[in-house]
Amino acid sequence: MKEAFDFYDPTSLKSYNLDKTMQYQLNILGSLDVFTRKHCENVANLTCRICERLHCQKGFIEYCTICAYLHDIGKQFIPQEILQKPGRLTDEEFEIMKTHTTIGYNICMQDPQLRPYAAGPIYHHEALNGTGYPKGLTKKDIPYEGQIIRVADEYDAIVSKRQYKSHVGITDTLKILIDNTKPLQEVSPSSALEVLSENSKLGKDNPIIVKALISVVIEDIEYEISCTLDYVNNLHNEIKRLKQVDKYHEKMISAKNDKKKEYFLEYMKIFLITNETPENYKEILTQYEKAYENRKSRIDKLYEEIKVIKKLKL
């Protein structure tokens with residue numbers, strides 16, 4: 001099975017020639033709160049891998065990834081009571097939140113090292129059908145990097161556990177993004193002229209990019225299955241070893257003289273490892289068996305999730 005691409009691995013950073021450039025961006029992200037910083041890193045990772053699925057050129061992947069790193073940099077100037085609000089934002093608060101796009105753009109434009117990547121902050125909330133912000137641009141005016149980062153941003157924002165919302169499953173998140181590729185079903189009478197335009201046939205998200213994201217997500221799930229299988233196999237071996245200990249323990253219990261009891265006790269000790277004793281091995285065995293069943297169940301669920309995701313229709 002192909003190993004999942006780890007953008008943060010030093011080898012990967014070197015292959016993309018990002019060592020020095022990325023270090024500066026990472027320092028900039030240090031001014032953000034922990035949730036936003038982690039989100040920026042996740043979106044950069046997803047953006048990089050989506051670009052690979054889209055067969056983008058190496059230079060564009062590097063550029064687009066750095067844009068993604070910086071897409072929420074403007075949030076450092078959003079009041080914490082709004083940024084960290086546990087409930088739904090009011091209309092007034094949402095208008096303030098939306099300014100992180102233009103604030104981030106201005107931050108980039110004022111810094112010569114960040115200026116080339118200003119597209120990340122300014123375009124990542126624009127929608128193909130013109131319903132996004134800050135400018136309400138449509139497909140022809142939204143650069144490809146903005147369209148890619150938007151999809152990566154939406155996915156991570158929905159699927160990640162945040163302090164202000166409940167967790168949404170991967171499949172349900174992908175369904176939301178697929179719905180966002182479709183035209184609006186209901187349009188107000190005041191938008192009648194817009195309905196006649198080409199934009200009325202568009203959704204918010206580019207379906208080609210969402211399809212690439214789905215491929216990335218499937219690969220991530222397959223990688224998790226692979227890692228979990230390795231752990232399950234290791235647990236299986238540990239359980240087998242401790243059951244051997246248990247077999248000698250039973251023989252020790254049923255032994256009729258001390259010499260034989262000591263004999264079987266020594267055999268038990270041969271199979272025990274650090275922090276395991278004849279007194280606690282059964283507790284450890286029980287923990288291993290529970291972990292084994294839990295991980296096996298997790299693998300079954302992951303396989304089922306892949307089946308469901310592959311049936312999703314764009």
# chains A, B, ... in the order shown; residues from 1 in each chain; ligands from 1
>>> residues_around(residues="segment 216-223 of chain A", least_positions_apart="3", cutoff="9 Å", atoms="only C-alpha atoms", output="VMD selection string")
chain A and resid 1 to 4 46 49 to 50 53 170 211 to 213 226 to 228 302 to 303 305 to 306 309 to 310
>>> write_last_selection(atoms="N, CA and C atoms", output="CSV table (one decimal), in the first residue's frame")
chain,number,residue,atom,x,y,z
A,1,MET,N,0.8,-1.2,0.0
A,1,MET,CA,0.0,0.0,0.0
A,1,MET,C,0.9,1.2,0.0
A,2,LYS,N,0.5,2.2,-0.8
A,2,LYS,CA,1.3,3.4,-0.9
A,2,LYS,C,1.2,4.2,0.4
A,3,GLU,N,2.4,4.7,0.9
A,3,GLU,CA,2.5,5.4,2.1
A,3,GLU,C,1.9,6.8,1.9
A,4,ALA,N,1.1,7.3,2.8
A,4,ALA,CA,0.6,8.7,2.7
A,4,ALA,C,1.6,9.7,2.7
A,46,LEU,N,-3.5,19.4,3.0
A,46,LEU,CA,-4.5,19.0,2.0
A,46,LEU,C,-4.3,19.6,0.7
A,49,ARG,N,-1.5,18.0,-1.4
A,49,ARG,CA,-1.9,16.7,-1.9
A,49,ARG,C,-3.0,16.7,-2.9
A,50,ILE,N,-3.9,17.7,-2.8
A,50,ILE,CA,-4.9,17.9,-3.8
A,50,ILE,C,-4.2,18.3,-5.1
A,53,ARG,N,-2.8,15.4,-6.9
A,53,ARG,CA,-3.9,14.6,-7.6
A,53,ARG,C,-4.3,15.3,-8.9
A,170,ILE,N,-16.4,12.1,8.4
A,170,ILE,CA,-15.8,12.3,7.1
A,170,ILE,C,-16.7,12.1,5.9
A,211,LYS,N,-13.4,16.2,-6.2
A,211,LYS,CA,-13.1,14.8,-6.6
A,211,LYS,C,-11.6,14.4,-6.2
A,212,ALA,N,-10.7,15.4,-6.4
A,212,ALA,CA,-9.3,15.1,-6.0
A,212,ALA,C,-9.2,15.0,-4.5
A,213,LEU,N,-10.0,15.8,-3.8
A,213,LEU,CA,-10.0,15.7,-2.3
A,213,LEU,C,-10.5,14.4,-1.8
A,226,SER,N,-3.8,0.6,7.2
A,226,SER,CA,-2.5,-0.1,7.2
A,226,SER,C,-1.8,0.0,8.6
A,227,CYS,N,-1.8,1.2,9.1
A,227,CYS,CA,-1.2,1.4,10.5
A,227,CYS,C,-1.9,0.6,11.5
A,228,THR,N,-3.2,0.6,11.5
A,228,THR,CA,-4.0,-0.1,12.5
A,228,THR,C,-3.8,-1.6,12.3
A,302,LEU,N,-13.6,1.4,9.0
A,302,LEU,CA,-12.9,2.1,8.0
A,302,LEU,C,-13.1,1.5,6.6
A,303,TYR,N,-13.0,0.2,6.5
A,303,TYR,CA,-13.3,-0.4,5.2
A,303,TYR,C,-14.7,-0.1,4.7
A,305,GLU,N,-16.4,2.6,5.5
A,305,GLU,CA,-16.4,4.0,5.2
A,305,GLU,C,-15.9,4.2,3.8
A,306,ILE,N,-14.8,3.5,3.4
A,306,ILE,CA,-14.3,3.7,2.0
A,306,ILE,C,-15.3,3.2,1.0
A,309,ILE,N,-17.8,6.0,0.7
A,309,ILE,CA,-17.2,7.2,0.0
A,309,ILE,C,-17.1,7.0,-1.5
A,310,LYS,N,-16.7,5.7,-1.9
A,310,LYS,CA,-16.5,5.4,-3.3
A,310,LYS,C,-17.8,5.5,-4.0
>>> closest_atom_pairs(of="segment 87-177 of chain A", to="segment 55-76 of chain A", cutoff="8 Å", atoms="only C-alpha atoms", output="Markdown table")
| residue | atom | partner | partner_atom | distance |
| --- | --- | --- | --- | --- |
| A:Met97 | CA | A:Lys75 | CA | 7.8 |
| A:Thr99 | CA | A:Gly74 | CA | 7.8 |
| A:His100 | CA | A:Gly74 | CA | 4.4 |
| A:Thr101 | CA | A:Gly74 | CA | 6.2 |
| A:Thr102 | CA | A:Gly74 | CA | 7.4 |
| A:Ile103 | CA | A:Gly74 | CA | 4.9 |
| A:Gly104 | CA | A:Gly74 | CA | 3.7 |
| A:Tyr105 | CA | A:Gly74 | CA | 7.5 |
| A:Ile107 | CA | A:Gly74 | CA | 7.3 |
| A:Tyr117 | CA | A:Cys67 | CA | 4.8 |
| A:Ala118 | CA | A:Cys67 | CA | 6.8 |
| A:Ala119 | CA | A:Cys67 | CA | 6.4 |
| A:Gly120 | CA | A:Cys67 | CA | 4.3 |
| A:Pro121 | CA | A:His71 | CA | 4.0 |
| A:Ile122 | CA | A:His71 | CA | 7.6 |
| A:His124 | CA | A:His71 | CA | 6.8 |
| A:Glu145 | CA | A:Cys64 | CA | 5.7 |
| A:Ile149 | CA | A:Ala68 | CA | 5.9 |
>>> write_last_selection(atoms="C-alpha atoms", output="compact mmCIF listing (two decimals), in the first residue's frame")
# COMPACT_ATOMS: atom_id res chain seq x y z
CA MET A 97 -15.11 37.47 11.02
CA THR A 99 -12.74 40.72 7.42
CA HIS A 100 -9.97 38.19 8.13
CA THR A 101 -9.71 37.74 4.35
CA THR A 102 -8.90 41.37 3.59
CA ILE A 103 -6.83 41.77 6.75
CA GLY A 104 -4.76 38.74 5.74
CA TYR A 105 -4.37 40.11 2.23
CA ILE A 107 -0.67 41.68 5.91
CA TYR A 117 1.13 34.54 -1.52
CA ALA A 118 -1.61 37.11 -0.89
CA ALA A 119 -4.02 35.06 -3.01
CA GLY A 120 -4.43 32.59 -0.13
CA PRO A 121 -6.10 35.00 2.31
CA ILE A 122 -8.13 36.99 -0.22
CA HIS A 124 -10.26 31.21 -0.08
CA GLU A 145 -5.25 28.36 -6.11
CA ILE A 149 -7.67 26.22 -0.94
>>> residues_around(residues="Asn206 of chain A", least_positions_apart="2", cutoff="10 Å", atoms="only C-alpha atoms", output="PyMOL selection string")
chain A and resi 127-128+139+144+147-148+150-151+177-178+180-182+202-204+208-211
>>> write_last_selection(atoms="N, CA, C and O atoms", output="PDB file, in the first residue's frame")
ATOM      1  N   ALA A 127     -16.693  31.993  -3.864  1.00  0.00           N
ATOM      2  CA  ALA A 127     -17.397  30.826  -4.390  1.00  0.00           C
ATOM      3  C   ALA A 127     -17.613  30.978  -5.893  1.00  0.00           C
ATOM      4  O   ALA A 127     -17.815  32.095  -6.392  1.00  0.00           O
ATOM      5  N   LEU A 128     -17.585  29.874  -6.617  1.00  0.00           N
ATOM      6  CA  LEU A 128     -17.701  29.927  -8.075  1.00  0.00           C
ATOM      7  C   LEU A 128     -18.968  30.618  -8.547  1.00  0.00           C
ATOM      8  O   LEU A 128     -18.984  31.274  -9.593  1.00  0.00           O
ATOM      9  N   LYS A 139     -16.507  32.368 -10.962  1.00  0.00           N
ATOM     10  CA  LYS A 139     -15.474  31.425 -11.405  1.00  0.00           C
ATOM     11  C   LYS A 139     -14.387  32.066 -12.258  1.00  0.00           C
ATOM     12  O   LYS A 139     -13.193  31.828 -12.027  1.00  0.00           O
ATOM     13  N   TYR A 144      -7.148  29.612  -9.677  1.00  0.00           N
ATOM     14  CA  TYR A 144      -7.225  28.186  -9.360  1.00  0.00           C
ATOM     15  C   TYR A 144      -6.766  27.898  -7.927  1.00  0.00           C
ATOM     16  O   TYR A 144      -7.353  27.060  -7.241  1.00  0.00           O
ATOM     17  N   GLN A 147      -9.565  28.422  -5.568  1.00  0.00           N
ATOM     18  CA  GLN A 147     -10.568  27.368  -5.648  1.00  0.00           C
ATOM     19  C   GLN A 147     -10.108  26.109  -4.899  1.00  0.00           C
ATOM     20  O   GLN A 147     -10.901  25.448  -4.225  1.00  0.00           O
ATOM     21  N   ILE A 148      -8.826  25.798  -5.018  1.00  0.00           N
ATOM     22  CA  ILE A 148      -8.280  24.613  -4.341  1.00  0.00           C
ATOM     23  C   ILE A 148      -8.277  24.810  -2.830  1.00  0.00           C
ATOM     24  O   ILE A 148      -8.732  23.943  -2.061  1.00  0.00           O
ATOM     25  N   ARG A 150     -10.041  26.791  -1.039  1.00  0.00           N
ATOM     26  CA  ARG A 150     -11.411  26.826  -0.518  1.00  0.00           C
ATOM     27  C   ARG A 150     -11.900  25.424  -0.160  1.00  0.00           C
ATOM     28  O   ARG A 150     -12.448  25.204   0.930  1.00  0.00           O
ATOM     29  N   VAL A 151     -11.675  24.461  -1.047  1.00  0.00           N
ATOM     30  CA  VAL A 151     -12.135  23.090  -0.809  1.00  0.00           C
ATOM     31  C   VAL A 151     -11.391  22.477   0.376  1.00  0.00           C
ATOM     32  O   VAL A 151     -12.010  21.856   1.259  1.00  0.00           O
ATOM     33  N   LEU A 177     -19.596  18.892   0.833  1.00  0.00           N
ATOM     34  CA  LEU A 177     -18.789  19.489  -0.227  1.00  0.00           C
ATOM     35  C   LEU A 177     -19.328  19.127  -1.609  1.00  0.00           C
ATOM     36  O   LEU A 177     -19.299  19.950  -2.535  1.00  0.00           O
ATOM     37  N   ILE A 178     -19.826  17.905  -1.755  1.00  0.00           N
ATOM     38  CA  ILE A 178     -20.437  17.513  -3.033  1.00  0.00           C
ATOM     39  C   ILE A 178     -21.677  18.359  -3.297  1.00  0.00           C
ATOM     40  O   ILE A 178     -21.901  18.829  -4.420  1.00  0.00           O
ATOM     41  N   ASN A 180     -22.064  21.296  -2.327  1.00  0.00           N
ATOM     42  CA  ASN A 180     -21.579  22.631  -2.654  1.00  0.00           C
ATOM     43  C   ASN A 180     -21.087  22.763  -4.099  1.00  0.00           C
ATOM     44  O   ASN A 180     -20.813  23.866  -4.558  1.00  0.00           O
ATOM     45  N   THR A 181     -20.975  21.642  -4.799  1.00  0.00           N
ATOM     46  CA  THR A 181     -20.606  21.712  -6.218  1.00  0.00           C
ATOM     47  C   THR A 181     -21.830  21.897  -7.109  1.00  0.00           C
ATOM     48  O   THR A 181     -21.705  22.143  -8.305  1.00  0.00           O
ATOM     49  N   LYS A 182     -23.011  21.783  -6.500  1.00  0.00           N
ATOM     50  CA  LYS A 182     -24.250  21.835  -7.268  1.00  0.00           C
ATOM     51  C   LYS A 182     -24.865  23.237  -7.218  1.00  0.00           C
ATOM     52  O   LYS A 182     -24.679  23.967  -6.251  1.00  0.00           O
ATOM     53  N   LEU A 202     -23.609  27.066 -11.712  1.00  0.00           N
ATOM     54  CA  LEU A 202     -22.462  26.657 -10.924  1.00  0.00           C
ATOM     55  C   LEU A 202     -22.819  26.492  -9.454  1.00  0.00           C
ATOM     56  O   LEU A 202     -23.730  27.142  -8.946  1.00  0.00           O
ATOM     57  N   GLY A 203     -22.068  25.638  -8.775  1.00  0.00           N
ATOM     58  CA  GLY A 203     -22.141  25.550  -7.330  1.00  0.00           C
ATOM     59  C   GLY A 203     -21.066  26.430  -6.715  1.00  0.00           C
ATOM     60  O   GLY A 203     -20.427  27.222  -7.399  1.00  0.00           O
ATOM     61  N   LYS A 204     -20.846  26.258  -5.432  1.00  0.00           N
ATOM     62  CA  LYS A 204     -19.825  27.050  -4.756  1.00  0.00           C
ATOM     63  C   LYS A 204     -18.419  26.498  -5.011  1.00  0.00           C
ATOM     64  O   LYS A 204     -17.457  27.258  -5.101  1.00  0.00           O
ATOM     65  N   ILE A 208     -14.122  19.182  -9.819  1.00  0.00           N
ATOM     66  CA  ILE A 208     -12.866  18.488 -10.122  1.00  0.00           C
ATOM     67  C   ILE A 208     -11.958  18.485  -8.899  1.00  0.00           C
ATOM     68  O   ILE A 208     -11.306  17.487  -8.580  1.00  0.00           O
ATOM     69  N   ILE A 209     -11.947  19.612  -8.189  1.00  0.00           N
ATOM     70  CA  ILE A 209     -11.120  19.714  -6.981  1.00  0.00           C
ATOM     71  C   ILE A 209     -11.692  18.859  -5.861  1.00  0.00           C
ATOM     72  O   ILE A 209     -10.946  18.202  -5.121  1.00  0.00           O
ATOM     73  N   VAL A 210     -13.011  18.849  -5.719  1.00  0.00           N
ATOM     74  CA  VAL A 210     -13.643  18.017  -4.692  1.00  0.00           C
ATOM     75  C   VAL A 210     -13.362  16.539  -4.969  1.00  0.00           C
ATOM     76  O   VAL A 210     -13.096  15.756  -4.045  1.00  0.00           O
ATOM     77  N   LYS A 211     -13.382  16.158  -6.238  1.00  0.00           N
ATOM     78  CA  LYS A 211     -13.067  14.769  -6.600  1.00  0.00           C
ATOM     79  C   LYS A 211     -11.634  14.423  -6.199  1.00  0.00           C
ATOM     80  O   LYS A 211     -11.363  13.324  -5.703  1.00  0.00           O
TER      81      LYS A 211
END
>>> residues_around(residues="Leu229 of chain A", least_positions_apart="3", cutoff="9 Å", atoms="only C-alpha atoms", output="short mmCIF file (atom, residue, chain, number, x, y, z; two decimals) with N, CA and C atoms, in the first residue's frame")
data_model
loop_
_atom_site.label_atom_id
_atom_site.label_comp_id
_atom_site.auth_asym_id
_atom_site.auth_seq_id
_atom_site.Cartn_x
_atom_site.Cartn_y
_atom_site.Cartn_z
N GLU A 224 -4.57 4.77 7.39
CA GLU A 224 -4.96 4.47 8.77
C GLU A 224 -5.22 2.99 8.94
N ILE A 225 -5.86 2.36 7.94
CA ILE A 225 -6.10 0.93 8.00
C ILE A 225 -4.78 0.17 8.07
N SER A 226 -3.83 0.58 7.23
CA SER A 226 -2.52 -0.07 7.20
C SER A 226 -1.83 0.02 8.56
N VAL A 232 -2.63 -4.19 15.12
CA VAL A 232 -3.41 -5.39 15.43
C VAL A 232 -2.53 -6.63 15.38
N ASN A 233 -1.66 -6.69 14.37
CA ASN A 233 -0.75 -7.84 14.25
C ASN A 233 0.20 -7.90 15.44
N ASN A 234 0.65 -6.75 15.88
CA ASN A 234 1.53 -6.70 17.05
C ASN A 234 0.78 -7.15 18.30
N ARG A 295 -9.62 -2.38 17.85
CA ARG A 295 -8.94 -2.03 16.60
C ARG A 295 -9.48 -2.82 15.42
N LYS A 296 -9.84 -4.08 15.65
CA LYS A 296 -10.43 -4.88 14.58
C LYS A 296 -11.76 -4.27 14.15
N ILE A 299 -11.08 -1.18 12.08
CA ILE A 299 -10.70 -1.51 10.71
C ILE A 299 -11.93 -1.82 9.87
#
>>> select_by_dssp(residues="segment 45-214 of chain A", states="helix (DSSP H, G or I)", output="ChimeraX atom specification")
/A:45-53,58-69,73-77,80-83,91-98,100-109,115-117,119-123,139-141,144-159,170-179,189-195,198-201,207-214
>>> atom_distance(atom1="atom CA of Leu242 of chain A", atom2="atom CA of Lys282 of chain A")
7.9 Å
>>> atom_distance(atom1="atom CA of Glu266 of chain A", atom2="atom CA of Lys240 of chain A")
18.1 Å
>>> residues_around(residues="segment 287-291 of chain A", least_positions_apart="2", cutoff="8 Å", atoms="only C-alpha atoms", output="tab-separated table (two decimals) with N, CA and C atoms, in the first residue's frame")
chain	number	residue	atom	x	y	z
A	235	LEU	N	-0.47	-6.68	18.44
A	235	LEU	CA	-1.29	-7.10	19.58
A	235	LEU	C	-1.51	-8.61	19.56
A	238	GLU	N	1.47	-10.26	20.94
A	238	GLU	CA	1.57	-10.07	22.39
A	238	GLU	C	0.56	-10.94	23.13
A	239	ILE	N	-0.64	-11.04	22.59
A	239	ILE	CA	-1.67	-11.89	23.20
A	239	ILE	C	-1.24	-13.35	23.18
A	283	GLU	N	-3.96	-8.98	33.81
A	283	GLU	CA	-4.56	-7.65	33.58
A	283	GLU	C	-4.08	-7.08	32.25
A	284	ILE	N	-2.79	-7.25	31.99
A	284	ILE	CA	-2.23	-6.76	30.72
A	284	ILE	C	-2.82	-7.53	29.55
A	285	LEU	N	-2.96	-8.84	29.70
A	285	LEU	CA	-3.56	-9.67	28.65
A	285	LEU	C	-4.98	-9.21	28.34
A	293	GLU	N	-9.78	-6.23	19.94
A	293	GLU	CA	-11.15	-6.22	19.43
A	293	GLU	C	-11.57	-4.83	18.97
A	294	ASN	N	-11.17	-3.81	19.75
A	294	ASN	CA	-11.52	-2.43	19.37
A	294	ASN	C	-10.90	-2.04	18.03
A	295	ARG	N	-9.62	-2.38	17.85
A	295	ARG	CA	-8.94	-2.03	16.60
A	295	ARG	C	-9.48	-2.82	15.42
>>> closest_residue(among="A:His236, A:Leu265, A:Arg298, A:His125", to="Tyr248 of chain A", atoms="only C-alpha atoms")
A:Leu265
>>> atom_distance(atom1="atom CA of Pro134 of chain A", atom2="atom CA of Pro207 of chain A")
21.9 Å
>>> residues_around(residues="Thr36 of chain A", least_positions_apart="3", cutoff="12 Å", atoms="only C-alpha atoms", output="PyMOL selection string")
chain A and resi 29-33+39-43+69-76+78+80+83-84+100+153+156-157+160-163
>>> closest_residue(among="A:Asn129, A:Tyr263, A:Gly169, A:Ile214", to="Pro183 of chain A", atoms="only C-alpha atoms")
A:Asn129
>>> select_by_dssp(residues="segment 12-223 of chain A", states="strand (DSSP E or B)", output="count of residues only")
4
>>> decode(residues="segment 244-255 of chain A", atoms="all heavy atoms", output="PDB file, in the first residue's frame")
ATOM      1  N   GLN A 244       0.660 -17.925  26.401  1.00  0.00           N
ATOM      2  CA  GLN A 244       1.651 -18.946  26.730  1.00  0.00           C
ATOM      3  C   GLN A 244       2.016 -18.846  28.220  1.00  0.00           C
ATOM      4  O   GLN A 244       2.153 -19.859  28.910  1.00  0.00           O
ATOM      5  CB  GLN A 244       2.901 -18.750  25.862  1.00  0.00           C
ATOM      6  CG  GLN A 244       3.893 -19.883  25.908  1.00  0.00           C
ATOM      7  CD  GLN A 244       3.406 -21.128  25.185  1.00  0.00           C
ATOM      8  OE1 GLN A 244       2.443 -21.081  24.445  1.00  0.00           O
ATOM      9  NE2 GLN A 244       4.064 -22.265  25.437  1.00  0.00           N
ATOM     10  N   VAL A 245       2.154 -17.609  28.684  1.00  0.00           N
ATOM     11  CA  VAL A 245       2.398 -17.387  30.114  1.00  0.00           C
ATOM     12  C   VAL A 245       1.249 -17.959  30.934  1.00  0.00           C
ATOM     13  O   VAL A 245       1.451 -18.622  31.968  1.00  0.00           O
ATOM     14  CB  VAL A 245       2.559 -15.875  30.416  1.00  0.00           C
ATOM     15  CG1 VAL A 245       2.661 -15.632  31.914  1.00  0.00           C
ATOM     16  CG2 VAL A 245       3.767 -15.303  29.694  1.00  0.00           C
ATOM     17  N   ASP A 246       0.029 -17.696  30.450  1.00  0.00           N
ATOM     18  CA  ASP A 246      -1.158 -18.163  31.173  1.00  0.00           C
ATOM     19  C   ASP A 246      -1.207 -19.688  31.231  1.00  0.00           C
ATOM     20  O   ASP A 246      -1.642 -20.271  32.243  1.00  0.00           O
ATOM     21  CB  ASP A 246      -2.408 -17.624  30.489  1.00  0.00           C
ATOM     22  CG  ASP A 246      -3.632 -17.715  31.381  1.00  0.00           C
ATOM     23  OD1 ASP A 246      -3.550 -17.263  32.538  1.00  0.00           O
ATOM     24  OD2 ASP A 246      -4.660 -18.233  30.914  1.00  0.00           O
ATOM     25  N   LYS A 247      -0.756 -20.326  30.157  1.00  0.00           N
ATOM     26  CA  LYS A 247      -0.746 -21.794  30.137  1.00  0.00           C
ATOM     27  C   LYS A 247       0.176 -22.339  31.229  1.00  0.00           C
ATOM     28  O   LYS A 247      -0.198 -23.274  31.969  1.00  0.00           O
ATOM     29  CB  LYS A 247      -0.279 -22.284  28.764  1.00  0.00           C
ATOM     30  CG  LYS A 247      -0.312 -23.801  28.626  1.00  0.00           C
ATOM     31  CD  LYS A 247       0.148 -24.242  27.247  1.00  0.00           C
ATOM     32  CE  LYS A 247       1.667 -24.099  27.136  1.00  0.00           C
ATOM     33  NZ  LYS A 247       2.178 -24.728  25.867  1.00  0.00           N
ATOM     34  N   TYR A 248       1.355 -21.737  31.363  1.00  0.00           N
ATOM     35  CA  TYR A 248       2.278 -22.185  32.402  1.00  0.00           C
ATOM     36  C   TYR A 248       1.785 -21.806  33.802  1.00  0.00           C
ATOM     37  O   TYR A 248       2.055 -22.503  34.793  1.00  0.00           O
ATOM     38  CB  TYR A 248       3.675 -21.616  32.165  1.00  0.00           C
ATOM     39  CG  TYR A 248       4.397 -22.320  31.043  1.00  0.00           C
ATOM     40  CD1 TYR A 248       4.679 -21.654  29.849  1.00  0.00           C
ATOM     41  CD2 TYR A 248       4.798 -23.652  31.169  1.00  0.00           C
ATOM     42  CE1 TYR A 248       5.335 -22.312  28.812  1.00  0.00           C
ATOM     43  CE2 TYR A 248       5.449 -24.308  30.138  1.00  0.00           C
ATOM     44  CZ  TYR A 248       5.715 -23.637  28.960  1.00  0.00           C
ATOM     45  OH  TYR A 248       6.357 -24.296  27.940  1.00  0.00           O
ATOM     46  N   HIS A 249       1.029 -20.702  33.861  1.00  0.00           N
ATOM     47  CA  HIS A 249       0.451 -20.315  35.154  1.00  0.00           C
ATOM     48  C   HIS A 249      -0.550 -21.355  35.629  1.00  0.00           C
ATOM     49  O   HIS A 249      -0.583 -21.721  36.818  1.00  0.00           O
ATOM     50  CB  HIS A 249      -0.221 -18.946  35.027  1.00  0.00           C
ATOM     51  CG  HIS A 249      -0.837 -18.471  36.301  1.00  0.00           C
ATOM     52  ND1 HIS A 249      -2.197 -18.612  36.561  1.00  0.00           N
ATOM     53  CD2 HIS A 249      -0.304 -17.890  37.402  1.00  0.00           C
ATOM     54  CE1 HIS A 249      -2.463 -18.123  37.757  1.00  0.00           C
ATOM     55  NE2 HIS A 249      -1.337 -17.672  38.295  1.00  0.00           N
ATOM     56  N   GLU A 250      -1.380 -21.839  34.691  1.00  0.00           N
ATOM     57  CA  GLU A 250      -2.358 -22.865  35.042  1.00  0.00           C
ATOM     58  C   GLU A 250      -1.660 -24.148  35.493  1.00  0.00           C
ATOM     59  O   GLU A 250      -2.113 -24.826  36.436  1.00  0.00           O
ATOM     60  CB  GLU A 250      -3.275 -23.147  33.842  1.00  0.00           C
ATOM     61  CG  GLU A 250      -4.190 -21.999  33.469  1.00  0.00           C
ATOM     62  CD  GLU A 250      -5.115 -21.605  34.606  1.00  0.00           C
ATOM     63  OE1 GLU A 250      -5.636 -22.524  35.293  1.00  0.00           O
ATOM     64  OE2 GLU A 250      -5.319 -20.393  34.831  1.00  0.00           O
ATOM     65  N   LYS A 251      -0.571 -24.495  34.839  1.00  0.00           N
ATOM     66  CA  LYS A 251       0.177 -25.684  35.222  1.00  0.00           C
ATOM     67  C   LYS A 251       0.809 -25.506  36.594  1.00  0.00           C
ATOM     68  O   LYS A 251       0.891 -26.457  37.386  1.00  0.00           O
ATOM     69  CB  LYS A 251       1.258 -25.981  34.185  1.00  0.00           C
ATOM     70  CG  LYS A 251       0.709 -26.492  32.861  1.00  0.00           C
ATOM     71  CD  LYS A 251       1.841 -26.864  31.913  1.00  0.00           C
ATOM     72  CE  LYS A 251       1.273 -27.459  30.628  1.00  0.00           C
ATOM     73  NZ  LYS A 251       2.347 -27.874  29.686  1.00  0.00           N
ATOM     74  N   MET A 252       1.271 -24.249  36.861  1.00  0.00           N
ATOM     75  CA  MET A 252       1.848 -23.969  38.167  1.00  0.00           C
ATOM     76  C   MET A 252       0.801 -24.126  39.266  1.00  0.00           C
ATOM     77  O   MET A 252       1.077 -24.691  40.342  1.00  0.00           O
ATOM     78  CB  MET A 252       2.422 -22.555  38.198  1.00  0.00           C
ATOM     79  CG  MET A 252       3.148 -22.215  39.489  1.00  0.00           C
ATOM     80  SD  MET A 252       3.684 -20.484  39.564  1.00  0.00           S
ATOM     81  CE  MET A 252       2.085 -19.655  39.832  1.00  0.00           C
ATOM     82  N   ILE A 253      -0.401 -23.651  39.010  1.00  0.00           N
ATOM     83  CA  ILE A 253      -1.476 -23.731  39.994  1.00  0.00           C
ATOM     84  C   ILE A 253      -1.820 -25.194  40.305  1.00  0.00           C
ATOM     85  O   ILE A 253      -2.079 -25.563  41.459  1.00  0.00           O
ATOM     86  CB  ILE A 253      -2.736 -22.996  39.488  1.00  0.00           C
ATOM     87  CG1 ILE A 253      -2.472 -21.501  39.325  1.00  0.00           C
ATOM     88  CG2 ILE A 253      -3.919 -23.240  40.431  1.00  0.00           C
ATOM     89  CD1 ILE A 253      -2.125 -20.783  40.592  1.00  0.00           C
ATOM     90  N   SER A 254      -1.815 -26.013  39.254  1.00  0.00           N
ATOM     91  CA  SER A 254      -2.217 -27.416  39.447  1.00  0.00           C
ATOM     92  C   SER A 254      -1.062 -28.333  39.865  1.00  0.00           C
ATOM     93  O   SER A 254      -1.273 -29.524  40.124  1.00  0.00           O
ATOM     94  CB  SER A 254      -2.851 -27.960  38.159  1.00  0.00           C
ATOM     95  OG  SER A 254      -1.920 -27.890  37.085  1.00  0.00           O
ATOM     96  N   ALA A 255       0.160 -27.785  39.903  1.00  0.00           N
ATOM     97  CA  ALA A 255       1.319 -28.595  40.301  1.00  0.00           C
ATOM     98  C   ALA A 255       1.174 -29.066  41.744  1.00  0.00           C
ATOM     99  O   ALA A 255       0.676 -28.345  42.613  1.00  0.00           O
ATOM    100  CB  ALA A 255       2.601 -27.793  40.124  1.00  0.00           C
TER     101      ALA A 255
END
